[in-house]
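Shown here: start39.cif, mmCIF, C-alpha atoms and all ligand atoms.
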data_data
#
loop_
_atom_site.group_PDB
_atom_site.id
_atom_site.type_symbol
_atom_site.label_atom_id
_atom_site.label_comp_id
_atom_site.auth_asym_id
_atom_site.auth_seq_id
_atom_site.Cartn_x
_atom_site.Cartn_y
_atom_site.Cartn_z
ATOM 1 C CA MET A 27 -63.903 34.423 12.148
ATOM 2 C CA ILE A 28 -64.960 34.278 8.484
ATOM 3 C CA LYS A 29 -61.414 33.179 7.592
ATOM 4 C CA LYS A 30 -61.649 30.302 10.077
ATOM 5 C CA VAL A 31 -65.027 29.144 8.742
ATOM 6 C CA PHE A 32 -63.702 29.354 5.191
ATOM 7 C CA LYS A 33 -60.631 27.300 6.195
ATOM 8 C CA ASN A 34 -62.865 24.651 7.777
ATOM 9 C CA ILE A 35 -65.126 24.378 4.751
ATOM 10 C CA LEU A 36 -62.215 23.918 2.365
ATOM 11 C CA PHE A 37 -60.327 21.538 4.724
ATOM 12 C CA LEU A 38 -57.216 23.689 4.310
ATOM 13 C CA GLU A 39 -55.491 22.230 7.386
ATOM 14 C CA ILE A 40 -55.742 18.740 5.910
ATOM 15 C CA VAL A 41 -54.320 20.029 2.640
ATOM 16 C CA ASP A 42 -51.455 21.642 4.586
ATOM 17 C CA GLY A 43 -50.734 18.367 6.392
ATOM 18 C CA LEU A 44 -50.855 16.315 3.205
ATOM 19 C CA SER A 45 -48.569 18.725 1.392
ATOM 20 C CA LEU A 46 -45.992 18.376 4.187
ATOM 21 C CA THR A 47 -46.204 14.563 3.968
ATOM 22 C CA PHE A 48 -45.860 14.729 0.195
ATOM 23 C CA LYS A 49 -42.812 16.999 0.498
ATOM 24 C CA HIS A 50 -41.088 14.468 2.775
ATOM 25 C CA MET A 51 -41.531 11.681 0.214
ATOM 26 C CA PHE A 52 -38.688 13.268 -1.739
ATOM 27 C CA VAL A 53 -36.373 14.002 1.202
ATOM 28 C CA ARG A 54 -33.668 11.521 2.232
ATOM 29 C CA ALA A 55 -34.747 9.583 5.348
ATOM 30 C CA VAL A 56 -32.652 10.223 8.438
ATOM 31 C CA THR A 57 -33.972 7.261 10.433
ATOM 32 C CA GLU A 58 -31.285 4.698 11.350
ATOM 33 C CA GLN A 59 -32.434 1.150 10.533
ATOM 34 C CA TYR A 60 -30.599 -0.327 13.523
ATOM 35 C CA PRO A 61 -29.786 -3.232 14.027
ATOM 36 C CA ARG A 62 -30.089 -4.113 10.315
ATOM 37 C CA LYS A 63 -27.908 -1.182 9.388
ATOM 38 C CA LYS A 64 -25.288 0.209 11.670
ATOM 39 C CA ARG A 65 -23.918 3.684 11.805
ATOM 40 C CA VAL A 66 -20.364 4.415 10.810
ATOM 41 C CA LEU A 67 -18.907 5.551 14.092
ATOM 42 C CA PRO A 68 -16.394 8.365 14.340
ATOM 43 C CA ASP A 69 -12.789 7.402 15.011
ATOM 44 C CA THR A 70 -13.001 9.077 18.401
ATOM 45 C CA TYR A 71 -15.817 6.768 19.552
ATOM 46 C CA ARG A 72 -15.242 5.295 23.009
ATOM 47 C CA GLY A 73 -16.631 1.803 23.193
ATOM 48 C CA ILE A 74 -15.809 -1.125 25.439
ATOM 49 C CA LEU A 75 -12.200 -1.421 26.599
ATOM 50 C CA SER A 76 -9.796 -4.140 25.523
ATOM 51 C CA LEU A 77 -6.346 -5.370 26.476
ATOM 52 C CA GLN A 78 -3.744 -5.420 23.731
ATOM 53 C CA LYS A 79 -0.873 -7.701 22.767
ATOM 54 C CA TYR A 80 2.268 -7.203 20.729
ATOM 55 C CA ASP A 81 2.434 -8.808 17.275
ATOM 56 C CA ASP A 82 4.298 -11.824 18.718
ATOM 57 C CA GLY A 83 1.403 -12.488 21.128
ATOM 58 C CA THR A 84 3.112 -11.098 24.238
ATOM 59 C CA GLU A 85 0.761 -9.232 26.525
ATOM 60 C CA ARG A 86 1.469 -5.547 26.691
ATOM 61 C CA CYS A 87 0.279 -5.047 30.253
ATOM 62 C CA VAL A 88 3.086 -4.815 32.816
ATOM 63 C CA GLY A 89 0.777 -4.735 35.834
ATOM 64 C CA CYS A 90 1.809 -1.245 36.943
ATOM 65 C CA ALA A 91 -1.777 -0.373 37.991
ATOM 66 C CA LEU A 92 -1.513 3.209 36.704
ATOM 67 C CA CYS A 93 -4.841 2.650 34.949
ATOM 68 C CA GLU A 94 -6.387 1.641 38.275
ATOM 69 C CA ALA A 95 -5.066 4.836 39.904
ATOM 70 C CA ALA A 96 -6.301 7.003 37.024
ATOM 71 C CA CYS A 97 -9.817 5.590 36.915
ATOM 72 C CA PRO A 98 -12.274 8.050 38.493
ATOM 73 C CA SER A 99 -14.969 5.370 38.843
ATOM 74 C CA MET A 100 -12.750 2.801 40.548
ATOM 75 C CA ALA A 101 -13.779 0.353 37.853
ATOM 76 C CA ILE A 102 -10.356 -1.267 37.395
ATOM 77 C CA THR A 103 -8.640 -3.801 39.631
ATOM 78 C CA VAL A 104 -5.126 -4.976 38.831
ATOM 79 C CA VAL A 105 -3.377 -7.787 40.684
ATOM 80 C CA SER A 106 0.265 -7.487 39.772
ATOM 81 C CA GLY A 107 2.655 -10.410 39.578
ATOM 82 C CA GLU A 108 6.355 -11.029 39.016
ATOM 83 C CA ASP A 109 7.705 -13.298 36.305
ATOM 84 C CA GLU A 110 9.597 -16.120 38.025
ATOM 85 C CA LYS A 111 12.064 -16.488 35.154
ATOM 86 C CA PHE A 112 12.722 -12.749 34.934
ATOM 87 C CA PRO A 113 12.290 -11.383 38.483
ATOM 88 C CA GLN A 114 12.296 -7.764 37.331
ATOM 89 C CA ARG A 115 9.573 -8.324 34.771
ATOM 90 C CA ARG A 116 6.077 -7.726 36.031
ATOM 91 C CA PHE A 117 2.724 -8.552 34.568
ATOM 92 C CA SER A 118 -0.923 -8.424 35.580
ATOM 93 C CA ARG A 119 -1.746 -11.719 37.246
ATOM 94 C CA GLU A 120 -5.383 -10.688 37.347
ATOM 95 C CA TYR A 121 -7.099 -7.786 35.659
ATOM 96 C CA TYR A 122 -10.734 -6.732 36.002
ATOM 97 C CA ILE A 123 -12.848 -3.918 34.616
ATOM 98 C CA ASP A 124 -16.350 -3.456 35.953
ATOM 99 C CA ILE A 125 -18.032 -2.031 32.866
ATOM 100 C CA THR A 126 -21.146 -1.137 34.861
ATOM 101 C CA ARG A 127 -19.026 1.513 36.606
ATOM 102 C CA CYS A 128 -17.101 2.675 33.555
ATOM 103 C CA VAL A 129 -17.958 6.138 32.238
ATOM 104 C CA PHE A 130 -15.808 5.672 29.104
ATOM 105 C CA CYS A 131 -13.681 8.695 29.906
ATOM 106 C CA GLY A 132 -10.506 7.086 28.509
ATOM 107 C CA PHE A 133 -8.308 8.195 31.425
ATOM 108 C CA CYS A 134 -7.030 4.637 31.857
ATOM 109 C CA VAL A 135 -5.986 4.480 28.187
ATOM 110 C CA ASP A 136 -4.101 7.743 28.541
ATOM 111 C CA ALA A 137 -2.449 6.645 31.779
ATOM 112 C CA CYS A 138 -1.097 3.348 30.438
ATOM 113 C CA PRO A 139 2.634 3.696 29.670
ATOM 114 C CA VAL A 140 2.744 0.761 27.229
ATOM 115 C CA ASP A 141 -0.551 1.223 25.349
ATOM 116 C CA ALA A 142 -1.890 -2.011 26.768
ATOM 117 C CA LEU A 143 -5.411 -0.643 27.018
ATOM 118 C CA ALA A 144 -7.451 0.537 24.071
ATOM 119 C CA MET A 145 -11.001 1.634 23.575
ATOM 120 C CA THR A 146 -12.852 -0.147 20.813
ATOM 121 C CA LYS A 147 -15.908 0.733 18.784
ATOM 122 C CA VAL A 148 -17.825 -2.186 20.272
ATOM 123 C CA TYR A 149 -21.018 -0.914 21.901
ATOM 124 C CA GLU A 150 -23.254 -3.984 21.810
ATOM 125 C CA PHE A 151 -22.524 -5.561 25.166
ATOM 126 C CA SER A 152 -25.778 -5.176 27.070
ATOM 127 C CA SER A 153 -26.713 -8.109 29.257
ATOM 128 C CA TYR A 154 -29.482 -9.262 31.583
ATOM 129 C CA ASP A 155 -26.841 -10.479 33.997
ATOM 130 C CA LYS A 156 -24.695 -7.798 35.630
ATOM 131 C CA ASN A 157 -21.970 -10.371 36.277
ATOM 132 C CA ASP A 158 -21.331 -10.589 32.515
ATOM 133 C CA LEU A 159 -20.182 -6.984 32.644
ATOM 134 C CA LEU A 160 -17.381 -7.628 35.091
ATOM 135 C CA LEU A 161 -14.699 -8.280 32.476
ATOM 136 C CA ASN A 162 -11.671 -10.301 33.462
ATOM 137 C CA LYS A 163 -8.274 -10.427 31.807
ATOM 138 C CA LYS A 164 -9.256 -13.300 29.520
ATOM 139 C CA SER A 165 -12.300 -11.548 28.119
ATOM 140 C CA LEU A 166 -10.468 -8.230 27.749
ATOM 141 C CA LEU A 167 -7.622 -9.921 25.866
ATOM 142 C CA SER A 168 -10.079 -11.818 23.703
ATOM 143 C CA LEU A 169 -11.813 -8.528 22.848
ATOM 144 C CA GLY A 170 -8.425 -7.154 21.822
ATOM 145 C CA ASP A 171 -7.713 -10.310 19.751
ATOM 146 C CA THR A 172 -11.063 -10.187 17.946
ATOM 147 C CA ILE A 173 -10.449 -6.624 16.915
ATOM 148 C CA ALA A 174 -6.823 -7.329 15.986
ATOM 149 C CA LYS A 175 -7.990 -10.075 13.624
ATOM 150 C CA GLY A 176 -10.400 -7.720 11.930
ATOM 151 C CA GLY A 177 -13.647 -8.784 13.547
ATOM 152 C CA GLY A 178 -15.639 -7.457 10.601
ATOM 153 C CA MET A 179 -14.216 -4.005 11.082
ATOM 154 C CA THR A 180 -12.983 -1.650 8.410
ATOM 155 C CA PRO A 181 -9.239 -0.839 8.179
ATOM 156 C CA VAL A 182 -9.893 2.535 9.812
ATOM 157 C CA GLU A 183 -11.719 0.881 12.707
ATOM 158 C CA ARG A 184 -8.925 -1.691 13.090
ATOM 159 C CA LYS A 185 -6.404 1.109 13.243
ATOM 160 C CA TYR A 186 -8.375 2.788 15.978
ATOM 161 C CA LYS A 187 -7.869 -0.064 18.385
ATOM 162 C CA PHE A 188 -4.496 1.531 19.057
ATOM 163 C CA PRO A 189 -4.821 4.575 21.231
ATOM 164 C CA MET A 190 -1.844 6.365 19.764
ATOM 165 C CA GLU A 191 -1.784 7.784 16.266
ATOM 166 C CA GLY A 192 0.583 5.796 14.027
ATOM 167 C CA GLU A 193 1.103 3.030 16.612
ATOM 168 C CA THR A 194 2.695 -0.018 14.981
ATOM 169 C CA ASN A 195 2.074 -2.603 17.688
ATOM 170 C CA LYS A 196 5.764 -3.378 18.139
ATOM 171 C CA ILE A 197 8.236 -2.585 20.867
ATOM 172 C CA GLU A 198 9.541 0.523 19.187
ATOM 173 C CA SER A 199 11.822 2.264 21.567
ATOM 174 C CA LYS A 200 14.321 1.394 24.221
ATOM 175 C CA LYS A 201 12.219 3.447 26.648
ATOM 176 C CA GLU A 202 9.173 1.270 26.035
ATOM 177 C CA GLU A 203 11.262 -1.908 26.292
ATOM 178 C CA ALA A 204 12.680 -0.694 29.598
ATOM 179 C CA LEU A 205 9.170 -0.063 30.925
ATOM 180 C CA ILE A 206 8.157 -3.619 30.090
ATOM 181 C CA LEU A 207 11.148 -5.002 31.954
ATOM 182 C CA CYS A 208 10.670 -2.837 35.046
HETATM 183 S S1 LIG B 1 -12.679 4.583 30.676
HETATM 184 FE FE1 LIG B 1 -12.620 5.895 32.519
HETATM 185 S S2 LIG B 1 -14.174 5.045 33.877
HETATM 186 FE FE2 LIG B 1 -13.802 3.494 32.298
HETATM 187 S S3 LIG B 1 -12.278 2.141 33.219
HETATM 188 FE FE3 LIG B 1 -11.153 3.706 32.030
HETATM 189 S S4 LIG B 1 -10.674 5.343 33.498
HETATM 190 FE FE4 LIG B 1 -12.266 4.055 34.411
HETATM 191 S S1 LIG B 2 -1.576 1.032 33.113
HETATM 192 FE FE1 LIG B 2 -1.352 -0.344 31.350
HETATM 193 S S2 LIG B 2 0.397 -1.620 31.881
HETATM 194 FE FE2 LIG B 2 -0.278 -0.641 33.778
HETATM 195 S S3 LIG B 2 -1.699 -2.159 34.692
HETATM 196 FE FE3 LIG B 2 -2.927 -0.732 33.470
HETATM 197 S S4 LIG B 2 -3.119 -1.723 31.459
HETATM 198 FE FE4 LIG B 2 -1.437 -2.722 32.538
#

Written form, structure tokens:
Amino acid sequence: MIKKVFKNILFLEIVDGLSLTFKHMFVRAVTEQYPRKKRVLPDTYRGILSLQKYDDGTERCVGCALCEAACPSMAITVVSGEDEKFPQRRFSREYYIDITRCVFCGFCVDACPVDALAMTKVYEFSSYDKNDLLLNKKSLLSLGDTIAKGGGMTPVERKYKFPMEGETNKIESKKEEALILC
């Protein structure tokens, strides 16, 4: 009891509080100043998906719909088509990802046999209109293009657009070439 009265008279609790504040003046702040400053994201970050092209501008996607089958959220719709000049060559005539359903698990990226899908580090895609988040082939390819051109990203981030380690963005093997033609 006497201790409490003594503490109250000397305002010791205020002194305690002020000493804590003073101590923190010399500690590095951990607050993120977003959006002025943005965090450096880890290379494993799973942001919005994008469709990829080869260096010569050819679309990678062969419309096999394996990504659609692998997606647990049923967020992907692929409408496959056949190239009239090369009847055995297929491509995605239409391609949609409903990002509102996507859980960013990356199963579709893993399922794709030609690395046509890649996760990016883009996370700023919120919208007031849900329809903006139904991405079609054009917007997915343009996302891939923006990142391929740099898009203000660091070399490490640019590298990450490819799902496979050491990917060179070229048709590298006969196996891959055969998959594109089938
Ligand atoms: S990341 Fe997962 S949930 Fe999102 S589209 Fe791909 S498979 Fe579907
Ligand atoms: S799995 Fe790859 S190649 Fe097949 S439809 Fe999906 S993105 Fe295209």

Give the residue list for ligand LIG 1 (chain B) at 6 Å, counting only C-alpha atoms and all ligand atoms, as a ChimeraX atom specification, sorted by chain and then by residue number.
-> /A:96-99,101-102,128-134

Could you give me, as a PyMOL selection string, the residues within 12 Å of Lys64 (chain A), counting all atoms listed in the file and dropping anything in the same chain fewer than 5 positions from it?
-> chain A and resi 57-59+147-150+179

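Considering all atoms listed in the file, the residues that reside within 8 Å of ligand LIG 2 (chain B) can be listed as Leu77, Arg86, Cys87, Val88, Gly89, Cys90, Ala91, Leu92, Cys93, Glu94, Val104, Ser106, Phe117, Ser118, Tyr121, Cys134, Val135, Ala137, Cys138, Pro139, Val140, Asp141, Ala142 and Leu143 of chain A.
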
Separation of CA of Arg116 (chain A) from CA of Gly83 (chain A) in Å |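 Separation between CA of Gly83 (chain A) and CA of Arg116 (chain A): 16.3 Å.
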
Asn162 (chain A) environment, 12 Å, all atoms listed in the file, sequence neighbours closer than 3 positions dropped, as a PDB file with C-alpha atoms, in the frame of the given file:
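That gives us around04.pdb:
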ATOM      1  CA  LEU A  75     -12.200  -1.421  26.599  1.00  0.00           C
ATOM      2  CA  SER A  76      -9.796  -4.140  25.523  1.00  0.00           C
ATOM      3  CA  LEU A  77      -6.346  -5.370  26.476  1.00  0.00           C
ATOM      4  CA  ALA A 101     -13.779   0.353  37.853  1.00  0.00           C
ATOM      5  CA  ILE A 102     -10.356  -1.267  37.395  1.00  0.00           C
ATOM      6  CA  THR A 103      -8.640  -3.801  39.631  1.00  0.00           C
ATOM      7  CA  VAL A 104      -5.126  -4.976  38.831  1.00  0.00           C
ATOM      8  CA  VAL A 105      -3.377  -7.787  40.684  1.00  0.00           C
ATOM      9  CA  SER A 118      -0.923  -8.424  35.580  1.00  0.00           C
ATOM     10  CA  ARG A 119      -1.746 -11.719  37.246  1.00  0.00           C
ATOM     11  CA  GLU A 120      -5.383 -10.688  37.347  1.00  0.00           C
ATOM     12  CA  TYR A 121      -7.099  -7.786  35.659  1.00  0.00           C
ATOM     13  CA  TYR A 122     -10.734  -6.732  36.002  1.00  0.00           C
ATOM     14  CA  ILE A 123     -12.848  -3.918  34.616  1.00  0.00           C
ATOM     15  CA  ASP A 124     -16.350  -3.456  35.953  1.00  0.00           C
ATOM     16  CA  ILE A 125     -18.032  -2.031  32.866  1.00  0.00           C
ATOM     17  CA  ASN A 157     -21.970 -10.371  36.277  1.00  0.00           C
ATOM     18  CA  ASP A 158     -21.331 -10.589  32.515  1.00  0.00           C
ATOM     19  CA  LEU A 159     -20.182  -6.984  32.644  1.00  0.00           C
ATOM     20  CA  SER A 165     -12.300 -11.548  28.119  1.00  0.00           C
ATOM     21  CA  LEU A 166     -10.468  -8.230  27.749  1.00  0.00           C
ATOM     22  CA  LEU A 167      -7.622  -9.921  25.866  1.00  0.00           C
ATOM     23  CA  SER A 168     -10.079 -11.818  23.703  1.00  0.00           C
ATOM     24  CA  LEU A 169     -11.813  -8.528  22.848  1.00  0.00           C
TER      25      LEU A 169
END

Rounded to one decimal in Å, what is the spacing between CA of Thr172 (chain A) and CA of Gln78 (chain A)?
->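 Computing the Euclidean distance for CA of Thr172 (chain A) and CA of Gln78 (chain A) yields 10.5 Å.
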
With 8 Å of padding per side, what axis-aligned box (centre and edge lengths, Å, one decimal) covers all the listed atoms of region 97-104 of chain A? Give it as JSON.
{"center_x": -10.0, "center_y": 1.5, "center_z": 38.7, "size_x": 25.8, "size_y": 29.0, "size_z": 19.6}

Atom pair CA of Arg127 (chain A) / CA of Leu67 (chain A): separation (Å) = 22.9 Å

Pick from A:Met145, A:Ile173, A:Val41, A:Ile74, whichever lies nearest to Leu161 (chain A) using all atoms listed in the file | A:Ile74
